[in-house]
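For reference, the structure discussed in these notes is given below.
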Amino acid sequence: MGRIRILSDQVANQIAAGEVVDRPASVVKELLENALDAGATRIRVEVEAGGRKLIRMTDNGHGMMRDDALLAFERHATSKIRSSDDLLSIATLGFRGEALPSIASISRLEMETRVEDEPSGTRIEIVGGKVMRVDDAGAPLGTTFIIRDLFFNTPARRKFLKSETTELSHVTALVTHYALAHPDKHFELHSATHALLVAPPVRKPEERIFQIFGSETLDQLLSMAAERPFDRAGLPEPPPWKRDEDYAPPDPGFLRISGFISKPELQKLNRNSIYIFVNRRLIRDRLILHAVSEAYRNILPPTSFPVVLMFMEMPPHEVDVNVHPAKTEVRFRQQSLVHDFVRDSIRNTLIQTRPAAGFLAALTANPHATPSLLPAASPMPGEPESEPLARAEQAAEFALTPPIPPPQEVKLPFASELPTHGDGAAPAPPVAVPEEQAPSLNSLASLKPLGQLRESFILAVNDEGLWIIDQHVAHERVLFEKLLREREVERVQHQRLLMPLLVELLPQQMVLFTNIAKELERNGFEVEPFGPRTIAVKAAPVGLEGKELERTLMEVLEHSEREAQAQNLDTLRTRIAASIACHSAIKVNFPLDPVRMEWLLAELAKTDHPTSCPHGRPIVLRYSWKDIQRAFQRI
Ligand SMILES: Nc1ncnc2c1ncn2[C@@H]1O[C@H](COP(=O)(O)OP(=O)(O)OP(=O)(O)O)[C@@H](O)[C@H]1O
Ligand SMILES: [Mg+2]
């Protein structure tokens, strides 16, 4: 007898479930996406024990007729695509026809559903993939799912579940983010004891942020919007002999980005607060994450991450969503265009708004509890999570001043209690987003220096308030950007040393040195080998002398040693520029006369990113006029 057998549907479904459903949040995700695909405008989620015991999802979508309701639980049964051509431009969130049979195979499931024209609906009960009952039911229009005892028949999976609170936080993060992506719809999430989220429809995304997180969070975010046409359609055109008479080349369409990015003062320890939606689908994508990091490079410390809520819209054929069973990964057909546009849009937003850090942010923030943007670090379903980091994030306090490396967690302060009006179901009053004038560094140029604090910080004023500027990092930023500009045209100003500086290196440093010698030369260094383990520096960038010169070289070598593999020319370039800038910048404990202070402030005002130094430390703190008045109880 042969060895090979075809697996039963039951087993096949459980295998598929392993890919699609790995925790309660992934069930919620699939059901939510189905509800949205069904055109629902009201979605209510209830969970017990973090979703392990019960998940109930009610939507007011178009529902299903009796036959469809039964078919929906068959493998590969879907109403969303018909042929493989449809796979090329998927406009719905689901398309695989796998979610429901998968969920049904590993839980006790009940579903009630009714379409508009039929007087009564259908009720189906399935246990571990077996249909137990099918009845008529007097259900309201739409669909309700009840999923009990998730993984009851797959103990191995059940073991991998985390604590109730962790699972609940994943569910909350998920529903919250879908609510953010669909401000025009009503979302509710309830646990057995609490209303965790009640978000009636609003007109604008910022109103939804305000509704969910409160105005403090809005203050820490910058809104972003950009669009560009695609140069061409991402899909190849059919060959001429296959075209109809009235064939028209496809319209390339637009790439649109909107959403919110955090000011540099807000720093996270991991990428878990970067949320990316493509055509309203929540995804995880390395390419986009890379573009985000690139945009914040030399604004945030390399070990810190921003908060990003980004909604990308593009024609469906520009993105292949059929690359991952949980549909959390996608492939863009025009990768580099998308990558560069995301990077540039974020960077431009940061450059244009140049947000100033309020140094009394913590004092003026509401004194009550300030949970972070999300209930906890919340990786996407199916992603490994790092518990120690999550704990560290939760433990960290709101910092009084913008953090310095190593990054401290700054919690997004938001209303301690979500607006839960009574039983949570009553409509919320209309939301008015406060129109606050955003603190901006564009007014740096109008600053009048008053003097120095301990010969280290410049105190300055203008109509907007009182400012403190860290003289060292301010100069560092000025020099850094100047060096990069000069490097671009190969014109870094340098000076010859009276006496060559001899520097001794370790053998491996000598190897590294030969690797980076060319780039050093472009940055104004003139260095030659002087014996087997010594180099002689004959010229250096202006402003770099003596011990500082030697330290710069050592620092650059050290960095290239640590990052030998990940080194690319761009990072090397910025590393070198950052080192030179740091070592030739005005030091702390250094007296400055008014003219030099004014010069420094004017130069800083001209930089692209006066917010933070190349290592991500804040440069300027502002005590706004409003804060001052508030502190003196005048308003
Ligand atoms: N809440 C709902 N309201 C109306 N119809 C639904 C609902 N949920 C599921 N369906 C129907 O059941 C079908 C099967 O759902 P299922 O989630 O298994 O597959 P899918 O959404 O088509 O694809 P995927 O597996 O990628 O999610 C859907 O195509 C849809 O027609
Ligand atoms: Mg689905």
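For the structure tokens, the naming scheme is as follows: chains receive sequential letters (A, B, ...) according to their order of presentation, residues are indexed from 1 within each chain, and ligands are indexed from 1 in presentation order.
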With 12 Å as the cut-off and only C-alpha atoms counted, what is the closest atom pair between each nearby residue of region 181-278 of chain A and region 75-88 of chain A? Distances in Å to one decimal, ordered by chain and number, as a Markdown table.
| residue | atom | partner | partner_atom | distance |
| --- | --- | --- | --- | --- |
| A:Gly234 | CA | A:Leu88 | CA | 10.4 |
| A:Leu235 | CA | A:Leu88 | CA | 8.4 |
| A:Pro236 | CA | A:Leu88 | CA | 11.1 |
* To do: Residues within 12 Å of ligand 2, counting only C-alpha atoms and all ligand atoms: report them as an NGL selection string.
  => :A and (20-21 or 26-38 or 72-73 or 75-81 or 92-103 or 325-327)
* For Ala295 (chain A), the nearest of the candidates A:Gln10, A:Ser169, A:Ser336, A:Ser345, counting only C-alpha atoms -> A:Ser345
* Within 7 Å of Leu189 (chain A), counting only C-alpha atoms, which residues show up once you throw out same-chain ones fewer than 6 positions away? Write them as a PyMOL selection string, please. => chain A and resi 44-46+195-198
Keeping only C-alpha atoms, write those residues as a compact mmCIF listing (two decimals), in the first residue's frame.
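File written: result-v8.txt
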# COMPACT_ATOMS: atom_id res chain seq x y z
CA ARG A 44 -19.02 46.10 17.51
CA VAL A 45 -16.47 43.74 19.04
CA GLU A 46 -16.74 42.07 22.41
CA ALA A 195 -15.87 49.78 27.12
CA LEU A 196 -12.36 49.95 25.64
CA LEU A 197 -13.19 51.93 22.56
CA VAL A 198 -16.28 53.73 21.40
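Take CA of Cys613 (chain A) and CA of Leu512 (chain A): the distance between them is 26.6 Å.
Proximity ranking of A:Val330, A:Ala104, A:Ala137, A:Ala578 relative to ligand 1 places A:Ala104 first, based on only C-alpha atoms and all ligand atoms.
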* Please give the complete set of residues from region 40-287 of chain A that DSSP, run on the backbone, assigns to helix (DSSP H, G or I), formatted as a count of residues only. => 67
* To do: Excluding Ala585 (chain A) and any residue of its chain fewer than 5 positions from it, enumerate the residues within 9 Å of it, using only C-alpha atoms, and give them as a ChimeraX atom specification.
  => /A:471-479,543-544,580
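Closest approach to Arg108 (chain A) from the set A:Asp149, A:Asp470, A:Glu74, A:Asp608 is made by A:Asp149, with distances taken over only C-alpha atoms.
Once Leu287 (chain A) and its same-chain neighbours fewer than 5 positions away are set aside, Val292, Gln335, Ser336, Val338 and His339 of chain A remain within 9 Å of it when counting only C-alpha atoms.
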Could you turn the residues from that selection into a file that holds all heavy atoms, as a PDB file, in the first residue's frame?
ATOM      1  N   VAL A 292      10.819  54.897   6.245  1.00  0.00           N
ATOM      2  CA  VAL A 292      10.539  55.703   7.438  1.00  0.00           C
ATOM      3  C   VAL A 292      11.837  55.970   8.210  1.00  0.00           C
ATOM      4  O   VAL A 292      12.136  57.106   8.586  1.00  0.00           O
ATOM      5  CB  VAL A 292       9.502  54.989   8.350  1.00  0.00           C
ATOM      6  CG1 VAL A 292       9.368  55.703   9.689  1.00  0.00           C
ATOM      7  CG2 VAL A 292       8.148  54.904   7.655  1.00  0.00           C
ATOM      8  N   GLN A 335       8.605  49.418  -6.565  1.00  0.00           N
ATOM      9  CA  GLN A 335       9.141  49.532  -5.220  1.00  0.00           C
ATOM     10  C   GLN A 335       9.908  50.810  -4.941  1.00  0.00           C
ATOM     11  O   GLN A 335       9.674  51.479  -3.936  1.00  0.00           O
ATOM     12  CB  GLN A 335      10.080  48.357  -4.950  1.00  0.00           C
ATOM     13  CG  GLN A 335       9.371  47.051  -4.922  1.00  0.00           C
ATOM     14  CD  GLN A 335      10.151  46.013  -4.141  1.00  0.00           C
ATOM     15  OE1 GLN A 335      11.230  46.319  -3.621  1.00  0.00           O
ATOM     16  NE2 GLN A 335       9.641  44.823  -4.059  1.00  0.00           N
ATOM     17  N   SER A 336      10.843  51.144  -5.824  1.00  0.00           N
ATOM     18  CA  SER A 336      11.709  52.257  -5.450  1.00  0.00           C
ATOM     19  C   SER A 336      10.957  53.580  -5.500  1.00  0.00           C
ATOM     20  O   SER A 336      11.191  54.466  -4.680  1.00  0.00           O
ATOM     21  CB  SER A 336      12.985  52.298  -6.293  1.00  0.00           C
ATOM     22  OG  SER A 336      12.642  52.213  -7.628  1.00  0.00           O
ATOM     23  N   VAL A 338       7.828  53.983  -4.715  1.00  0.00           N
ATOM     24  CA  VAL A 338       7.034  54.056  -3.483  1.00  0.00           C
ATOM     25  C   VAL A 338       7.945  54.374  -2.288  1.00  0.00           C
ATOM     26  O   VAL A 338       7.660  55.254  -1.480  1.00  0.00           O
ATOM     27  CB  VAL A 338       6.265  52.724  -3.257  1.00  0.00           C
ATOM     28  CG1 VAL A 338       5.610  52.706  -1.890  1.00  0.00           C
ATOM     29  CG2 VAL A 338       5.224  52.530  -4.350  1.00  0.00           C
ATOM     30  N   HIS A 339       9.061  53.666  -2.210  1.00  0.00           N
ATOM     31  CA  HIS A 339      10.009  53.879  -1.108  1.00  0.00           C
ATOM     32  C   HIS A 339      10.462  55.336  -1.040  1.00  0.00           C
ATOM     33  O   HIS A 339      10.375  55.994  -0.004  1.00  0.00           O
ATOM     34  CB  HIS A 339      11.218  52.954  -1.297  1.00  0.00           C
ATOM     35  CG  HIS A 339      12.339  53.205  -0.337  1.00  0.00           C
ATOM     36  ND1 HIS A 339      13.285  54.183  -0.543  1.00  0.00           N
ATOM     37  CD2 HIS A 339      12.648  52.624   0.841  1.00  0.00           C
ATOM     38  CE1 HIS A 339      14.142  54.174   0.469  1.00  0.00           C
ATOM     39  NE2 HIS A 339      13.783  53.250   1.326  1.00  0.00           N
TER      40      HIS A 339
END
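Using only C-alpha atoms, the smallest distance between any of A:Glu598, A:Asp68, A:Glu318, A:Glu227 and Asp251 (chain A) comes from A:Glu318.
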* Quick one: DSSP strand (DSSP E or B) residues in region 422-527 of chain A, as a ChimeraX atom specification? -> /A:440,448-453,457-462,465-470,494-504,526-527
Could you write out that same residue set with N, CA, C and O atoms as a compact mmCIF listing (two decimals), in the first residue's frame?
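out-v2.txt, written as the output of this step:
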# COMPACT_ATOMS: atom_id res chain seq x y z
N SER A 440 6.74 76.07 16.12
CA SER A 440 7.57 75.77 14.97
C SER A 440 8.93 76.45 15.13
O SER A 440 9.04 77.49 15.77
N LYS A 448 16.18 86.76 19.91
CA LYS A 448 17.19 87.67 20.47
C LYS A 448 17.88 86.97 21.62
O LYS A 448 17.23 86.63 22.61
N PRO A 449 19.19 86.73 21.51
CA PRO A 449 19.85 86.07 22.63
C PRO A 449 19.95 86.99 23.85
O PRO A 449 20.25 88.18 23.72
N LEU A 450 19.68 86.44 25.03
CA LEU A 450 19.80 87.24 26.26
C LEU A 450 21.13 87.00 26.94
O LEU A 450 21.68 87.85 27.59
N GLY A 451 21.62 85.78 26.82
CA GLY A 451 22.88 85.45 27.48
C GLY A 451 23.00 83.95 27.55
O GLY A 451 22.22 83.22 26.93
N GLN A 452 23.99 83.51 28.32
CA GLN A 452 24.22 82.08 28.42
C GLN A 452 23.91 81.58 29.82
O GLN A 452 24.11 82.31 30.80
N LEU A 453 23.50 80.34 29.89
CA LEU A 453 23.33 79.69 31.17
C LEU A 453 24.54 78.80 31.35
O LEU A 453 24.78 77.89 30.54
N PHE A 457 24.32 76.92 27.59
CA PHE A 457 23.03 77.03 26.90
C PHE A 457 22.73 78.49 26.63
O PHE A 457 22.92 79.34 27.50
N ILE A 458 22.26 78.76 25.42
CA ILE A 458 21.89 80.14 25.09
C ILE A 458 20.43 80.35 25.48
O ILE A 458 19.57 79.53 25.15
N LEU A 459 20.17 81.43 26.20
CA LEU A 459 18.79 81.80 26.49
C LEU A 459 18.39 82.87 25.49
O LEU A 459 19.15 83.81 25.26
N ALA A 460 17.23 82.72 24.90
CA ALA A 460 16.81 83.69 23.89
C ALA A 460 15.30 83.87 23.96
O ALA A 460 14.59 83.00 24.48
N VAL A 461 14.85 85.00 23.46
CA VAL A 461 13.40 85.25 23.47
C VAL A 461 12.93 85.75 22.11
O VAL A 461 13.70 86.32 21.34
N ASN A 462 11.67 85.51 21.83
CA ASN A 462 10.94 86.22 20.80
C ASN A 462 9.47 86.23 21.21
O ASN A 462 9.16 85.81 22.35
N GLY A 465 7.94 83.12 22.93
CA GLY A 465 8.25 82.64 24.26
C GLY A 465 9.74 82.69 24.57
O GLY A 465 10.50 83.43 23.95
N LEU A 466 10.10 81.87 25.54
CA LEU A 466 11.48 81.81 25.99
C LEU A 466 12.10 80.52 25.47
O LEU A 466 11.48 79.46 25.55
N TRP A 467 13.30 80.63 24.95
CA TRP A 467 13.91 79.47 24.32
C TRP A 467 15.25 79.15 24.98
O TRP A 467 15.97 80.05 25.42
N ILE A 468 15.57 77.87 25.05
CA ILE A 468 16.90 77.46 25.51
C ILE A 468 17.53 76.65 24.39
O ILE A 468 16.91 75.71 23.87
N ILE A 469 18.73 77.04 24.04
CA ILE A 469 19.38 76.37 22.91
C ILE A 469 20.70 75.77 23.41
O ILE A 469 21.52 76.46 24.01
N ASP A 470 20.88 74.52 23.17
CA ASP A 470 22.13 73.84 23.54
C ASP A 470 23.19 74.26 22.51
O ASP A 470 23.12 73.88 21.35
N HIS A 494 39.15 72.59 3.94
CA HIS A 494 40.12 71.97 4.84
C HIS A 494 41.33 72.87 5.06
O HIS A 494 41.51 73.87 4.37
N GLN A 495 42.09 72.50 6.06
CA GLN A 495 43.29 73.30 6.34
C GLN A 495 44.48 72.36 6.49
O GLN A 495 44.35 71.23 6.96
N ARG A 496 45.65 72.86 6.08
CA ARG A 496 46.86 72.04 6.24
C ARG A 496 47.35 72.18 7.67
O ARG A 496 47.24 73.24 8.28
N LEU A 497 47.87 71.11 8.21
CA LEU A 497 48.41 71.19 9.56
C LEU A 497 49.86 71.63 9.48
O LEU A 497 50.57 71.30 8.52
N LEU A 498 50.30 72.39 10.46
CA LEU A 498 51.70 72.83 10.46
C LEU A 498 52.62 71.63 10.54
O LEU A 498 53.62 71.52 9.84
N MET A 499 52.25 70.73 11.44
CA MET A 499 53.01 69.49 11.60
C MET A 499 52.07 68.33 11.35
O MET A 499 50.97 68.33 11.91
N PRO A 500 52.42 67.35 10.52
CA PRO A 500 51.51 66.21 10.36
C PRO A 500 51.24 65.55 11.71
O PRO A 500 52.15 65.48 12.55
N LEU A 501 50.01 65.09 11.88
CA LEU A 501 49.66 64.42 13.13
C LEU A 501 49.83 62.92 12.91
O LEU A 501 49.25 62.35 11.98
N LEU A 502 50.65 62.29 13.74
CA LEU A 502 50.85 60.85 13.57
C LEU A 502 49.90 60.10 14.49
O LEU A 502 49.79 60.39 15.68
N VAL A 503 49.19 59.13 13.90
CA VAL A 503 48.23 58.35 14.70
C VAL A 503 48.57 56.88 14.56
O VAL A 503 48.71 56.37 13.45
N GLU A 504 48.69 56.20 15.71
CA GLU A 504 48.98 54.76 15.66
C GLU A 504 47.72 53.96 15.63
O GLU A 504 46.76 54.26 16.33
N GLU A 526 43.60 64.72 4.59
CA GLU A 526 44.68 64.25 3.75
C GLU A 526 45.52 63.36 4.66
O GLU A 526 46.17 63.84 5.59
N VAL A 527 45.41 62.09 4.42
CA VAL A 527 46.05 61.14 5.33
C VAL A 527 46.89 60.17 4.51
O VAL A 527 46.45 59.69 3.48
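Comparing the minimum interatomic distances between ligand 1 and each of A:Ile4, A:Leu621, A:Ile90, A:Leu447, counting only C-alpha atoms and all ligand atoms, we find that A:Ile90 sits nearest.
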